[in-house]
file model11.txt (compact mmCIF, C-alpha atoms)
# COMPACT_ATOMS: atom_id res chain seq x y z
CA MET A 1 102.97 73.00 112.80
CA ALA A 2 106.27 74.91 112.45
CA ASP A 3 106.67 77.60 109.80
CA ASP A 4 108.89 75.55 107.49
CA GLU A 5 106.59 72.54 107.96
CA ARG A 6 103.62 74.58 106.74
CA GLY A 7 105.62 75.61 103.69
CA GLU A 8 106.62 72.01 103.12
CA ALA A 9 102.96 70.94 103.33
CA VAL A 10 102.11 73.37 100.52
CA LEU A 11 105.01 72.08 98.39
CA ALA A 12 104.00 68.47 99.03
CA ALA A 13 100.42 69.22 97.97
CA ALA A 14 101.65 70.95 94.81
CA THR A 15 104.04 68.12 93.93
CA ASP A 16 101.27 65.55 94.39
CA ALA A 17 98.93 67.61 92.21
CA ALA A 18 101.63 67.88 89.52
CA ARG A 19 102.19 64.12 89.57
CA ARG A 20 98.48 63.54 89.05
CA GLU A 21 98.26 66.13 86.26
CA PHE A 22 101.40 65.27 84.30
CA GLY A 23 102.13 61.65 85.21
CA ASP A 24 105.33 60.35 83.62
CA ASP A 25 105.81 63.68 81.82
CA LEU A 26 106.83 65.22 85.16
CA VAL A 27 110.58 64.71 85.01
CA ALA A 28 111.47 66.52 88.25
CA ALA A 29 110.19 68.92 90.88
CA TYR A 30 112.39 71.26 92.94
CA THR A 31 111.91 73.43 95.98
CA LEU A 32 113.12 76.96 95.18
CA GLY A 33 113.41 80.24 97.02
CA SER A 34 113.80 80.78 100.72
CA LEU A 35 112.54 77.32 101.64
CA ALA A 36 115.48 75.93 99.66
CA HIS A 37 118.30 78.36 100.44
CA GLY A 38 117.16 79.87 103.75
CA GLY A 39 115.59 83.10 104.92
CA PHE A 40 111.98 81.92 104.89
CA ALA A 41 109.70 84.47 106.59
CA PRO A 42 106.19 83.01 107.06
CA ALA A 43 104.49 86.41 107.16
CA VAL A 44 105.73 87.53 103.74
CA SER A 45 107.62 84.81 101.80
CA ASP A 46 106.37 83.01 98.72
CA VAL A 47 106.38 79.22 98.52
CA ASP A 48 108.27 78.43 95.30
CA LEU A 49 108.22 75.21 93.30
CA ALA A 50 109.75 74.40 89.91
CA LEU A 51 108.34 71.67 87.67
CA VAL A 52 110.48 70.17 84.91
CA LEU A 53 108.28 68.65 82.21
CA ARG A 54 109.33 66.34 79.42
CA GLU A 55 107.75 68.74 76.94
CA THR A 56 105.89 72.02 77.21
CA GLY A 57 103.42 73.58 74.81
CA GLY A 58 100.57 75.99 74.41
CA GLY A 59 98.40 74.31 77.03
CA THR A 60 101.05 73.90 79.72
CA ALA A 61 100.35 77.19 81.50
CA SER A 62 96.67 76.27 81.92
CA ARG A 63 97.55 72.84 83.28
CA VAL A 64 100.00 74.35 85.77
CA HIS A 65 97.25 76.76 86.82
CA ASP A 66 95.09 73.71 87.58
CA VAL A 67 97.93 72.23 89.64
CA VAL A 68 98.18 75.43 91.68
CA ALA A 69 94.42 75.51 92.27
CA ALA A 70 94.37 71.88 93.40
CA ALA A 71 97.35 72.41 95.71
CA ARG A 72 95.77 75.46 97.31
CA ASP A 73 92.61 73.49 98.01
CA ALA A 74 94.57 70.58 99.46
CA ALA A 75 96.76 72.79 101.67
CA ALA A 76 94.09 75.27 102.77
CA GLY A 77 94.98 74.85 106.46
CA THR A 78 98.45 76.39 106.25
CA ASP A 79 97.67 79.90 107.54
CA GLY A 80 97.55 81.50 104.10
CA LEU A 81 100.80 80.03 102.77
CA ALA A 82 98.92 78.04 100.12
CA GLU A 83 97.79 81.32 98.55
CA ARG A 84 101.45 82.27 98.13
CA LEU A 85 102.36 79.19 96.13
CA SER A 86 104.30 80.17 93.00
CA VAL A 87 105.06 77.48 90.43
CA PHE A 88 107.76 77.81 87.77
CA TRP A 89 107.96 75.36 84.88
CA ALA A 90 110.15 74.45 81.92
CA ASP A 91 111.47 71.53 79.91
CA PRO A 92 114.93 70.04 80.70
CA ASP A 93 116.73 71.88 77.90
CA THR A 94 115.45 75.24 79.14
CA VAL A 95 116.60 74.40 82.66
CA ARG A 96 120.08 73.60 81.38
CA HIS A 97 120.54 76.31 78.77
CA GLY A 98 117.94 79.02 79.21
CA THR A 99 115.07 80.24 77.09
CA GLY A 100 114.58 78.12 74.01
CA ARG A 101 111.86 77.37 71.52
CA ARG A 102 109.41 75.85 73.99
CA PRO A 103 107.14 77.83 76.33
CA ALA A 104 108.37 78.16 79.91
CA ARG A 105 107.99 80.18 83.06
CA LEU A 106 111.55 80.23 84.39
CA PRO A 107 113.16 83.70 84.37
CA ALA A 108 116.95 83.84 84.45
CA VAL A 109 117.26 84.60 88.16
CA ASP A 110 114.94 81.71 89.06
CA ARG A 111 116.85 79.38 86.75
CA LEU A 112 120.04 80.37 88.57
CA ASP A 113 118.28 79.70 91.87
CA LEU A 114 117.28 76.25 90.63
CA LEU A 115 120.80 75.44 89.46
CA ASP A 116 122.52 76.77 92.59
CA SER A 117 120.12 75.97 95.41
CA GLY A 118 117.12 74.00 94.16
CA VAL A 119 116.25 70.98 96.29
CA LEU A 120 115.14 67.95 94.27
CA ARG A 121 111.89 66.65 95.76
CA HIS A 122 110.66 64.38 92.97
CA GLY A 123 112.04 62.64 89.90
CA THR A 124 115.43 62.83 88.22
CA ASP A 125 117.87 65.70 88.64
CA VAL A 126 118.33 67.40 85.25
CA ARG A 127 121.06 69.88 86.21
CA ASP A 128 124.07 67.89 85.03
CA GLY A 129 125.82 69.87 82.27
CA ALA A 130 123.72 72.99 82.84
CA VAL A 131 125.13 76.39 81.87
CA PRO A 132 124.09 79.09 84.38
CA PRO A 133 122.79 82.41 83.10
CA GLY A 134 125.47 85.06 82.69
CA HIS A 135 125.53 88.50 84.25
CA ASP A 136 124.11 90.23 81.16
CA GLU A 137 121.17 87.82 81.01
CA LEU A 138 120.40 88.37 84.70
CA VAL A 139 120.51 92.15 84.28
CA ARG A 140 118.21 91.99 81.25
CA GLY A 141 115.83 89.85 83.27
CA SER A 142 115.72 92.36 86.12
CA ALA A 143 115.17 95.21 83.68
CA GLY A 144 112.34 93.34 82.01
CA PHE A 145 110.73 92.67 85.38
CA LEU A 146 110.89 96.37 86.27
CA VAL A 147 109.25 97.34 82.99
CA GLU A 148 106.55 94.66 83.27
CA ARG A 149 105.68 94.80 86.95
CA VAL A 150 106.15 98.43 87.94
CA ASP A 151 102.92 99.52 86.27
CA ASP A 152 100.46 102.23 87.25
CA ALA A 153 99.07 100.17 90.14
CA TRP A 154 102.56 99.50 91.51
CA LEU A 155 103.52 103.16 91.13
CA ALA A 156 100.38 104.14 93.04
CA GLY A 157 101.83 102.33 96.07
CA VAL A 158 105.15 104.11 95.66
CA ALA A 159 103.29 107.42 95.39
CA ASP A 160 101.08 106.83 98.45
CA PRO A 161 103.02 105.32 101.38
CA ALA A 162 99.97 105.48 103.67
CA ALA A 163 97.98 103.30 101.26
CA LEU A 164 100.98 100.98 100.85
CA LEU A 165 101.27 100.56 104.62
CA ALA A 166 97.55 99.75 104.83
CA ARG A 167 98.18 96.71 102.59
CA GLY A 168 100.45 95.15 105.21
CA PRO A 169 104.03 93.88 105.62
CA ARG A 170 104.04 91.50 102.65
CA THR A 171 103.21 94.18 100.09
CA VAL A 172 105.44 96.77 101.75
CA THR A 173 108.50 94.55 101.99
CA LYS A 174 108.19 93.25 98.44
CA THR A 175 107.81 96.79 97.11
CA VAL A 176 110.92 97.96 98.95
CA LEU A 177 113.16 94.94 98.54
CA PHE A 178 112.66 94.22 94.84
CA PRO A 179 114.87 97.14 93.71
CA VAL A 180 117.43 96.36 96.43
CA ARG A 181 117.67 92.79 95.20
CA PHE A 182 117.95 93.88 91.56
CA LEU A 183 120.78 96.24 92.44
CA HIS A 184 122.56 93.38 94.21
CA THR A 185 122.26 91.18 91.12
CA LEU A 186 123.44 94.03 88.90
CA THR A 187 126.51 94.57 91.08
CA THR A 188 127.44 90.98 91.89
CA GLY A 189 125.85 88.72 89.28
CA GLU A 190 124.31 86.73 92.14
CA ILE A 191 120.72 86.03 93.18
CA GLY A 192 119.41 88.93 95.23
CA ARG A 193 118.57 87.11 98.44
CA ASN A 194 117.07 89.60 100.83
CA ASP A 195 119.66 89.50 103.60
CA ALA A 196 122.65 89.55 101.25
CA ALA A 197 121.12 92.28 99.09
CA VAL A 198 120.45 94.55 102.07
CA ALA A 199 123.91 93.88 103.52
CA SER A 200 125.59 94.84 100.23
CA TYR A 201 123.48 97.93 99.57
CA ASP A 202 125.28 101.13 100.60
CA GLY A 203 123.23 103.69 98.67
CA ALA A 204 121.36 106.71 99.93
CA HIS A 205 118.28 104.68 100.84
CA ARG A 206 119.90 102.07 103.09
CA ASP A 207 117.81 103.05 106.13
CA LEU A 208 114.66 102.03 104.26
CA ALA A 209 116.27 98.82 102.98
CA ARG A 210 117.35 97.80 106.49
CA ALA A 211 113.93 98.60 107.92
CA ALA A 212 112.22 96.50 105.23
CA LEU A 213 114.38 93.52 106.16
CA ARG A 214 113.18 93.88 109.76
CA TRP A 215 109.57 94.24 108.63
CA ARG A 216 109.70 90.77 107.07
CA ASP A 217 108.89 89.35 110.51
CA GLY A 218 105.36 90.66 109.97
CA ALA A 219 105.48 93.84 112.08
CA LEU A 220 105.86 97.28 110.50
CA GLY A 221 106.73 98.97 113.78
CA GLU A 222 105.73 102.53 114.58
CA ARG A 223 103.50 103.77 111.77
CA VAL A 224 104.77 107.35 111.43
CA ALA A 225 108.40 106.18 111.37
CA ALA A 226 107.62 103.64 108.63
CA TRP A 227 105.62 106.21 106.67
CA THR A 228 108.48 108.71 106.90
CA LEU A 229 111.03 106.20 105.61
CA LEU A 230 108.80 105.26 102.68
CA THR A 231 108.00 108.90 101.88
CA ASP A 232 111.63 109.98 102.00
CA HIS A 233 113.22 107.05 100.20
CA LEU A 234 110.97 104.73 98.20
CA ALA A 235 110.62 106.71 94.96
CA GLY A 236 114.32 107.57 95.08
CA LEU A 237 115.25 103.91 95.57
CA TYR A 238 113.33 102.98 92.43
CA ARG A 239 114.96 105.82 90.49
CA GLU A 240 118.39 104.60 91.60
CA CYS A 241 117.57 101.07 90.45
CA VAL A 242 116.20 102.21 87.10
CA ASP A 243 119.16 104.54 86.45
CA ALA A 244 121.63 101.76 87.28
CA HIS A 245 119.98 99.39 84.81
CA LEU A 246 119.84 102.05 82.10
CA ALA A 247 123.56 102.62 82.56
CA ALA A 248 124.26 98.88 82.29
CA LEU A 249 122.15 98.13 79.20
CA PRO A 250 123.02 98.93 75.58
CA GLY A 251 120.84 101.65 74.10
CA ASP A 252 119.10 99.24 71.71
CA ASP A 253 117.98 96.82 74.43
CA PRO A 254 114.20 96.28 74.26
CA ALA A 255 113.79 97.27 77.92
CA VAL A 256 115.40 100.70 77.56
CA THR A 257 112.32 102.52 76.29
CA GLY A 258 110.21 101.19 79.14
CA LEU A 259 112.89 102.02 81.70
CA ARG A 260 113.10 105.59 80.44
CA ALA A 261 109.33 105.98 80.74
CA LEU A 262 109.49 104.54 84.25
CA ARG A 263 112.29 106.94 85.18
CA ASP A 264 110.17 109.87 83.98
CA ALA A 265 107.19 108.68 86.03
CA LEU A 266 109.38 108.31 89.12
CA ALA A 267 110.80 111.80 88.62
CA VAL A 268 107.26 113.16 88.76
CA LEU A 269 106.59 111.16 91.93
CA SER A 270 109.77 112.40 93.57
CA ALA A 271 108.82 115.99 92.82
CA SER A 272 105.33 115.47 94.18
CA ARG A 273 106.68 113.98 97.42
CA ALA A 274 108.31 117.31 98.24
CA ALA A 275 104.86 118.90 98.51
CA VAL A 276 103.38 116.20 100.78
CA PRO A 277 102.58 117.24 104.38
CA ARG A 278 104.97 115.61 106.85
CA THR A 279 102.26 113.61 108.63
CA PRO A 280 100.51 110.54 107.18
CA ARG A 281 96.81 110.56 106.38
CA SER A 282 94.74 108.47 108.73
CA ARG A 283 93.26 105.27 107.33

call {"tool": "encode", "arguments": {"input": "model11.txt", "output": "structure tokens"}}
result
Amino acid sequence: MADDERGEAVLAAATDAARREFGDDLVAAYTLGSLAHGGFAPAVSDVDLALVLRETGGGTASRVHDVVAAARDAAAGTDGLAERLSVFWADPDTVRHGTGRRPARLPAVDRLDLLDSGVLRHGTDVRDGAVPPGHDELVRGSAGFLVERVDDAWLAGVADPAALLARGPRTVTKTVLFPVRFLHTLTTGEIGRNDAAVASYDGAHRDLARAALRWRDGALGERVAAWTLLTDHLAGLYRECVDAHLAALPGDDPAVTGLRALRDALAVLSASRAAVPRTPRSR
């Protein structure tokens, strides 16, 4: 089975599970991400699906969790791709106009992806009359992601490149390319697709960004060279991303306090990197 076909098998299993769970309340289902707009890398990519539900409520997240579990069971023979299934969900009004009163899991950048590149795979297309998220909303979404996701566990990987490498290409490439993609969105107002984001990035850490794009084929190359790039550039890349978002946001934005704390933590990491021996620890 070809790479895209394995991804499609996971999406088909998830769509079938959603139809069983939600019945007529499933208005539409869309393929998102690299399987929709290109750039799918079977070693590292997620398999993204968006469900549009007639209504959402307090129990929707749990029901979507059940859909994901059922899909992973049904598509277990897809070389691990089923475990990378990521399901977004919202009601039609949220798809068209952004966050509203009803619960949803559809961040601004993923809503833009749905509107621009989503491939309808079930139901009725709800995008007619939609208003895409603006640049400010996309930047706030990236800032919120940085504050939420770059926690102590994430920072531990930034601080210890040898441990990060031991977790394999998927973790390494996501850790490197997230800030590159956010910087692309900040600069252009566009979705930070990996190839476009790396091509547009001309900062001090471009050697690491370009290497991470190569590593998406599943091979990290020569270990010491990869370790050196991560040691020399990863903490600085995150500091660049955080500083750029702080400069773009108003001082009273809710994300600013978290970004400042993250910047301080990264400054400590950058200082500690200077004292690290120039050979990686063995694992």

call {"tool": "closest_residue", "arguments": {"input": "model11.txt", "among": "A:Leu85, A:Ala17, A:Val172, A:Val47", "to": "Asp160 (chain A)", "atoms": "all atoms listed in the file"}}
result
A:Val172

call {"tool": "closest_residue", "arguments": {"input": "model11.txt", "among": "A:Asp207, A:Asp16, A:Asp93, A:Glu148", "to": "Leu230 (chain A)", "atoms": "only C-alpha atoms"}}
result
A:Asp207

call {"tool": "closest_residue", "arguments": {"input": "model11.txt", "among": "A:Ala209, A:Ala197, A:Leu146, A:Ala235", "to": "Ala255 (chain A)", "atoms": "all atoms listed in the file"}}
result
A:Leu146

call {"tool": "residues_around", "arguments": {"input": "model11.txt", "residues": "region 115-130 of chain A", "least_positions_apart": "4", "cutoff": "6 Å", "atoms": "only C-alpha atoms", "output": "PyMOL selection string"}}
result
chain A and resi 27-32+37+96

call {"tool": "write_last_selection", "arguments": {"input": "model11.txt", "atoms": "C-alpha atoms", "output": "compact mmCIF listing (two decimals), in the frame of the given file"}}
result
# COMPACT_ATOMS: atom_id res chain seq x y z
CA VAL A 27 110.58 64.71 85.01
CA ALA A 28 111.47 66.52 88.25
CA ALA A 29 110.19 68.92 90.88
CA TYR A 30 112.39 71.26 92.94
CA THR A 31 111.91 73.43 95.98
CA LEU A 32 113.12 76.96 95.18
CA HIS A 37 118.30 78.36 100.44
CA ARG A 96 120.08 73.60 81.38

call {"tool": "closest_residue", "arguments": {"input": "model11.txt", "among": "A:Ala271, A:Leu112, A:Val68, A:Leu220", "to": "Gly168 (chain A)", "atoms": "only C-alpha atoms"}}
result
A:Leu220

call {"tool": "closest_residue", "arguments": {"input": "model11.txt", "among": "A:Ser270, A:Thr15, A:Thr173, A:Ser45", "to": "Leu213 (chain A)", "atoms": "only C-alpha atoms"}}
result
A:Thr173

call {"tool": "closest_residue", "arguments": {"input": "model11.txt", "among": "A:Thr60, A:Ser142, A:Thr228, A:Thr257", "to": "Arg181 (chain A)", "atoms": "only C-alpha atoms"}}
result
A:Ser142

call {"tool": "atom_distance", "arguments": {"input": "model11.txt", "atom1": "CA of Val158 (chain A)", "atom2": "CA of Ala225 (chain A)"}}
result
16.2 Å

call {"tool": "residues_around", "arguments": {"input": "model11.txt", "residues": "region 164-166 of chain A", "least_positions_apart": "5", "cutoff": "9 Å", "atoms": "all atoms listed in the file", "output": "number ranges by chain"}}
result
A: 156-159, 171-172, 175, 220, 223, 226-227, 283
